Amino acid sequence: MSRRLELTVTPELAGIKVDTLLKRHLQLSGTVVRRIKWLEDGILVDGVRVRTDFRPAAGQVLSVRLSNPERNSGIVPAPGPLDIVYEDEDLIVLNKAPGVSVHPGPGHFDDTLGNFLVHYYENSGQEADFHPVHRLDRGTSGLLVAAKHPHAQEVLKKQLHTPEFRRVYLAVCEGVPDPSSGVIDAPLGPKPGSLMEQMVRPDGKPARTRYGVLRRWGERALAHLELETGRTHQIRVHMAHIGHPLTGDFLYGTEDKALIGRPALHAGYLSFLHPITKEKLQFSVPLPEDMARLKL
C-alpha cells in the first residue's frame with residue numbers, strides 16, 4: 001500500500017497552484033515535491049495526474065504520494081529481531097538491543113537495524129524504506145525512531161535538538177558525580193591519531209549535556225542525561241571529562257566484560273511531534289537487564 005496525503009480544495013484555496021498547496025498547506029518541501037512529481041501517480045487531482053502548475057477548483061481532491069514505489073536506500077533486506085514499540089503509516093519506534101548497529105557499514109553489511117527493518121517492510125507488504133532520523137551507538141540500547149518515507153524523515157529531522165524532540169538517557173557511571181546535577185559544557189572534536197575517539201578540545205564543536213544523579217549504586221551512580229547537542233560519543237566523553245566514565249566504556253573508561261559487555265548507556269525516553277498529525281508522541285522503556293544488574 002502506498003502512503004498518500006489528501007487535501008479537499010475549499011473555496012478559499014480554489015485556483016491556487018498545486019505547487020503552492022503542497023508546500024503551504026501540506027507542508028511538503030521543495031525536495032519532496034520535485035521527487036514525487038515525476039511519479040506516475042505522484043500528484044493527482046480527482047484521481048487524474050496533474051502538473052504542479054495546475055489550479056484545482058473548489059471541491060476537487062488533491063492527492064499526493066509520500067511513499068516511494070522503489071526502495072532507493074540500497075540496503076539489503078536481512079532477517080533479524082525487532083522490538084517494535086510503536087508503528088503507523090509514517091514512522092516506527094524501536095527499542096534497540098545493545099550490540100546492534102543502526103546503519104550498514106564496514107563489517108556490518110547485513111546485520112543492522114536498517115537491514116532488519118527493510119526485511120520487515122518487505123515481508124509485511126509495506127511500501128516503506130529505511131529513513132533514519134537519529135542514531136544510537138552500536139553499544140547503546142533503547143529508543144530510536146525511523147521514518148518510513150522522505151517527508152516524515154525531513155519533518156522529524158527538523159525537530160532534532162529542539163524542545164519538540166526530547167531524548168532522555170539512563171547511564172551507570174563510575175563514582176558519584178558531585179554536584180549531583182548540572183550542565184557539562186565542553187566542545188568536542190576528534191582525537192588525533194584515532195579513527196574513532198573524540199575528546200574535549202577548545203577548537204571542537206559546541207557540546208552541552210545536562211545530567212542528574214537518580215540514585216547511588218554502591219561505588220557507582222545511575223544518572224539521567226539529556227543532550228542539547230548531538231555530537232559523536234557526547235555523553236561518554238563528557239562523563240569521562242568530569243571524572244565519571246560510564247561503566248564498561250572501553251574507549252573512555254575501563255572495559256570489564258565480567259560486569260557489562262558495553263558502555264552502560266540506554267535511551268530510556270523519547271518524545272516528538274508526529275510529522276503528519278503534529279500530535280505529541282512519547283515513549284519509555286525500562287533499563288535492560290545487563291544495566292539493571294549493575295546495582296547488585
# chains A, B, ... in the order shown; residues from 1 in each chain; ligands from 1
>>> closest_atom_pairs(of="range 122-218 of chain A", to="range 258-262 of chain A", cutoff="12 Å", atoms="only C-alpha atoms", output="Markdown table")
| residue | atom | partner | partner_atom | distance |
| --- | --- | --- | --- | --- |
| A:Asp137 | CA | A:Arg262 | CA | 10.5 |
| A:Arg138 | CA | A:Arg262 | CA | 9.1 |
| A:Gly139 | CA | A:Arg262 | CA | 5.5 |
| A:Thr140 | CA | A:Arg262 | CA | 7.8 |
| A:Ser141 | CA | A:Arg262 | CA | 9.8 |
| A:Ala171 | CA | A:Arg262 | CA | 11.5 |
| A:Val172 | CA | A:Ile260 | CA | 10.7 |
>>> write_last_selection(atoms="all heavy atoms", output="mmCIF file, in the first residue's frame")
data_model
loop_
_atom_site.group_PDB
_atom_site.id
_atom_site.type_symbol
_atom_site.label_atom_id
_atom_site.label_comp_id
_atom_site.auth_asym_id
_atom_site.auth_seq_id
_atom_site.Cartn_x
_atom_site.Cartn_y
_atom_site.Cartn_z
ATOM 1 N N ASP A 137 24.747 4.734 19.199
ATOM 2 C CA ASP A 137 25.972 3.948 19.047
ATOM 3 C C ASP A 137 25.632 2.456 19.107
ATOM 4 O O ASP A 137 24.635 2.049 19.717
ATOM 5 C CB ASP A 137 26.960 4.270 20.176
ATOM 6 C CG ASP A 137 27.559 5.659 20.043
ATOM 7 O OD1 ASP A 137 27.472 6.253 18.947
ATOM 8 O OD2 ASP A 137 28.108 6.160 21.044
ATOM 9 N N ARG A 138 26.498 1.657 18.528
ATOM 10 C CA ARG A 138 26.261 0.210 18.483
ATOM 11 C C ARG A 138 26.035 -0.370 19.885
ATOM 12 O O ARG A 138 25.171 -1.214 20.100
ATOM 13 C CB ARG A 138 27.461 -0.467 17.808
ATOM 14 C CG ARG A 138 27.283 -1.951 17.600
ATOM 15 C CD ARG A 138 28.313 -2.498 16.611
ATOM 16 N NE ARG A 138 28.191 -3.935 16.524
ATOM 17 C CZ ARG A 138 29.114 -4.800 16.947
ATOM 18 N NH1 ARG A 138 30.221 -4.355 17.483
ATOM 19 N NH2 ARG A 138 28.920 -6.087 16.840
ATOM 20 N N GLY A 139 26.808 0.104 20.856
ATOM 21 C CA GLY A 139 26.687 -0.436 22.211
ATOM 22 C C GLY A 139 25.521 0.113 23.007
ATOM 23 O O GLY A 139 25.181 -0.423 24.063
ATOM 24 N N THR A 140 24.901 1.182 22.539
ATOM 25 C CA THR A 140 23.818 1.820 23.277
ATOM 26 C C THR A 140 22.488 1.147 22.966
ATOM 27 O O THR A 140 22.193 0.848 21.812
ATOM 28 C CB THR A 140 23.728 3.320 22.915
ATOM 29 O OG1 THR A 140 24.987 3.933 23.179
ATOM 30 C CG2 THR A 140 22.653 4.024 23.726
ATOM 31 N N SER A 141 21.694 0.915 23.987
ATOM 32 C CA SER A 141 20.366 0.334 23.809
ATOM 33 C C SER A 141 19.308 1.429 23.904
ATOM 34 O O SER A 141 19.586 2.562 24.282
ATOM 35 C CB SER A 141 20.124 -0.727 24.887
ATOM 36 O OG SER A 141 20.269 -0.157 26.191
ATOM 37 N N ALA A 171 22.235 6.207 32.373
ATOM 38 C CA ALA A 171 23.606 5.711 32.319
ATOM 39 C C ALA A 171 24.050 5.300 33.712
ATOM 40 O O ALA A 171 23.606 5.877 34.717
ATOM 41 C CB ALA A 171 24.545 6.787 31.777
ATOM 42 N N VAL A 172 24.912 4.314 33.777
ATOM 43 C CA VAL A 172 25.579 3.958 35.026
ATOM 44 C C VAL A 172 27.026 4.404 34.896
ATOM 45 O O VAL A 172 27.708 4.061 33.915
ATOM 46 C CB VAL A 172 25.505 2.446 35.313
ATOM 47 C CG1 VAL A 172 26.193 2.136 36.640
ATOM 48 C CG2 VAL A 172 24.053 1.973 35.341
#
>>> residues_around(residues="Gly175 in chain A", least_positions_apart="6", cutoff="8 Å", atoms="only C-alpha atoms", output="JSON, numbers by chain")
{"A": [219, 220, 221, 244]}
>>> select_by_dssp(residues="range 44-164 of chain A", states="strand (DSSP E)", output="list in words")
Leu44, Val45, Val48, Arg49, Val61, Leu62, Ser63, Val64, Arg65, Ile84, Val85, Tyr86, Glu87, Leu91, Ile92, Val93, Leu94, Asn95, Lys96, His131, Pro132, Ser141, Gly142, Leu143, Leu144, Val145, Ala146 and Ala147 of chain A
>>> write_last_selection(atoms="N, CA, C and O atoms", output="tab-separated table (two decimals), in the first residue's frame")
chain	number	residue	atom	x	y	z
A	44	LEU	N	-2.09	13.83	-7.94
A	44	LEU	CA	-3.37	13.60	-8.62
A	44	LEU	C	-4.40	14.62	-8.14
A	44	LEU	O	-4.39	15.02	-6.97
A	45	VAL	N	-5.29	15.02	-9.03
A	45	VAL	CA	-6.48	15.79	-8.66
A	45	VAL	C	-7.69	15.00	-9.17
A	45	VAL	O	-7.78	14.72	-10.38
A	48	VAL	N	-6.70	12.07	-11.32
A	48	VAL	CA	-6.03	12.29	-12.60
A	48	VAL	C	-4.70	13.00	-12.36
A	48	VAL	O	-4.63	13.98	-11.60
A	49	ARG	N	-3.64	12.51	-13.01
A	49	ARG	CA	-2.33	13.12	-12.83
A	49	ARG	C	-2.32	14.56	-13.34
A	49	ARG	O	-2.86	14.86	-14.41
A	61	VAL	N	-10.28	17.09	-5.11
A	61	VAL	CA	-9.41	16.48	-4.09
A	61	VAL	C	-8.00	16.34	-4.66
A	61	VAL	O	-7.79	15.65	-5.66
A	62	LEU	N	-7.07	17.00	-4.00
A	62	LEU	CA	-5.65	16.89	-4.34
A	62	LEU	C	-5.06	15.75	-3.52
A	62	LEU	O	-5.22	15.70	-2.30
A	63	SER	N	-4.40	14.83	-4.19
A	63	SER	CA	-3.81	13.66	-3.53
A	63	SER	C	-2.35	13.56	-3.91
A	63	SER	O	-2.00	13.69	-5.09
A	64	VAL	N	-1.49	13.33	-2.94
A	64	VAL	CA	-0.06	13.27	-3.19
A	64	VAL	C	0.52	12.02	-2.57
A	64	VAL	O	0.16	11.63	-1.46
A	65	ARG	N	1.40	11.36	-3.31
A	65	ARG	CA	2.04	10.13	-2.83
A	65	ARG	C	3.27	10.48	-2.00
A	65	ARG	O	4.13	11.25	-2.45
A	84	ILE	N	9.47	-3.75	18.39
A	84	ILE	CA	8.68	-2.61	17.92
A	84	ILE	C	7.84	-2.05	19.06
A	84	ILE	O	7.01	-2.76	19.64
A	85	VAL	N	8.07	-0.78	19.39
A	85	VAL	CA	7.35	-0.12	20.46
A	85	VAL	C	6.09	0.56	19.92
A	85	VAL	O	5.04	0.59	20.57
A	86	TYR	N	6.19	1.11	18.70
A	86	TYR	CA	5.06	1.82	18.08
A	86	TYR	C	5.28	1.83	16.57
A	86	TYR	O	6.42	1.88	16.10
A	87	GLU	N	4.16	1.80	15.83
A	87	GLU	CA	4.28	1.84	14.37
A	87	GLU	C	3.00	2.41	13.78
A	87	GLU	O	1.90	2.13	14.24
A	91	LEU	N	5.95	6.19	10.44
A	91	LEU	CA	7.17	6.01	11.24
A	91	LEU	C	7.09	4.74	12.06
A	91	LEU	O	6.04	4.12	12.19
A	92	ILE	N	8.25	4.39	12.62
A	92	ILE	CA	8.33	3.23	13.51
A	92	ILE	C	9.28	3.57	14.65
A	92	ILE	O	10.31	4.22	14.43
A	93	VAL	N	8.91	3.19	15.87
A	93	VAL	CA	9.75	3.40	17.05
A	93	VAL	C	10.20	2.04	17.55
A	93	VAL	O	9.38	1.14	17.76
A	94	LEU	N	11.50	1.90	17.73
A	94	LEU	CA	12.09	0.62	18.13
A	94	LEU	C	12.82	0.76	19.45
A	94	LEU	O	13.33	1.82	19.80
A	95	ASN	N	12.88	-0.36	20.18
A	95	ASN	CA	13.75	-0.46	21.35
A	95	ASN	C	14.97	-1.26	20.90
A	95	ASN	O	14.91	-2.48	20.77
A	96	LYS	N	16.06	-0.55	20.60
A	96	LYS	CA	17.25	-1.20	20.04
A	96	LYS	C	18.01	-2.00	21.10
A	96	LYS	O	18.23	-1.53	22.21
A	131	HIS	N	14.56	5.25	6.62
A	131	HIS	CA	14.87	6.68	6.63
A	131	HIS	C	15.18	7.09	8.06
A	131	HIS	O	14.30	7.56	8.79
A	132	PRO	N	16.43	6.90	8.51
A	132	PRO	CA	16.77	7.17	9.92
A	132	PRO	C	16.64	8.65	10.26
A	132	PRO	O	16.91	9.52	9.43
A	141	SER	N	21.69	0.92	23.99
A	141	SER	CA	20.37	0.33	23.81
A	141	SER	C	19.31	1.43	23.90
A	141	SER	O	19.59	2.56	24.28
A	142	GLY	N	18.07	1.07	23.54
A	142	GLY	CA	16.97	1.98	23.80
A	142	GLY	C	16.23	2.49	22.58
A	142	GLY	O	16.31	1.94	21.48
A	143	LEU	N	15.51	3.58	22.79
A	143	LEU	CA	14.50	4.07	21.84
A	143	LEU	C	15.10	4.80	20.65
A	143	LEU	O	15.98	5.65	20.79
A	144	LEU	N	14.57	4.46	19.49
A	144	LEU	CA	15.03	5.04	18.23
A	144	LEU	C	13.82	5.16	17.30
A	144	LEU	O	13.03	4.23	17.20
A	145	VAL	N	13.68	6.30	16.62
A	145	VAL	CA	12.58	6.45	15.66
A	145	VAL	C	13.16	6.50	14.25
A	145	VAL	O	14.20	7.13	14.01
A	146	ALA	N	12.52	5.81	13.33
A	146	ALA	CA	12.89	5.85	11.91
A	146	ALA	C	11.65	6.17	11.10
A	146	ALA	O	10.55	5.66	11.39
A	147	ALA	N	11.80	7.03	10.10
A	147	ALA	CA	10.68	7.38	9.22
A	147	ALA	C	10.53	6.32	8.14
A	147	ALA	O	11.47	5.60	7.81
>>> closest_residue(among="A:Ile184, A:Val213, A:Ala267, A:Leu222", to="Ala240 in chain A", atoms="only C-alpha atoms")
A:Ile184
>>> residues_around(residues="Thr209 in chain A", least_positions_apart="4", cutoff="9 Å", atoms="only C-alpha atoms", output="PyMOL selection string")
chain A and resi 182-186+225-229+234-235+238
>>> atom_distance(atom1="CA of Leu5 in chain A", atom2="CA of Phe165 in chain A")
23.5 Å
>>> residues_around(residues="Val50 in chain A", least_positions_apart="6", cutoff="10 Å", atoms="only C-alpha atoms", output="list in words")
Val18, Lys37, Glu40, Asp41, Gly42, Ile43, Leu44, Pro56 and Leu62 of chain A
>>> write_last_selection(atoms="C-alpha atoms", output="compact mmCIF listing (two decimals), in the first residue's frame")
# COMPACT_ATOMS: atom_id res chain seq x y z
CA VAL A 18 -0.86 22.72 -6.83
CA LYS A 37 6.06 14.97 -9.40
CA GLU A 40 3.02 8.29 -12.44
CA ASP A 41 0.63 8.69 -9.51
CA GLY A 42 2.71 11.26 -7.63
CA ILE A 43 0.28 14.20 -7.78
CA LEU A 44 -3.37 13.60 -8.62
CA PRO A 56 -7.78 22.94 -8.88
CA LEU A 62 -5.65 16.89 -4.34
>>> atom_distance(atom1="CA of Ile242 in chain A", atom2="CA of Gln159 in chain A")
29.1 Å
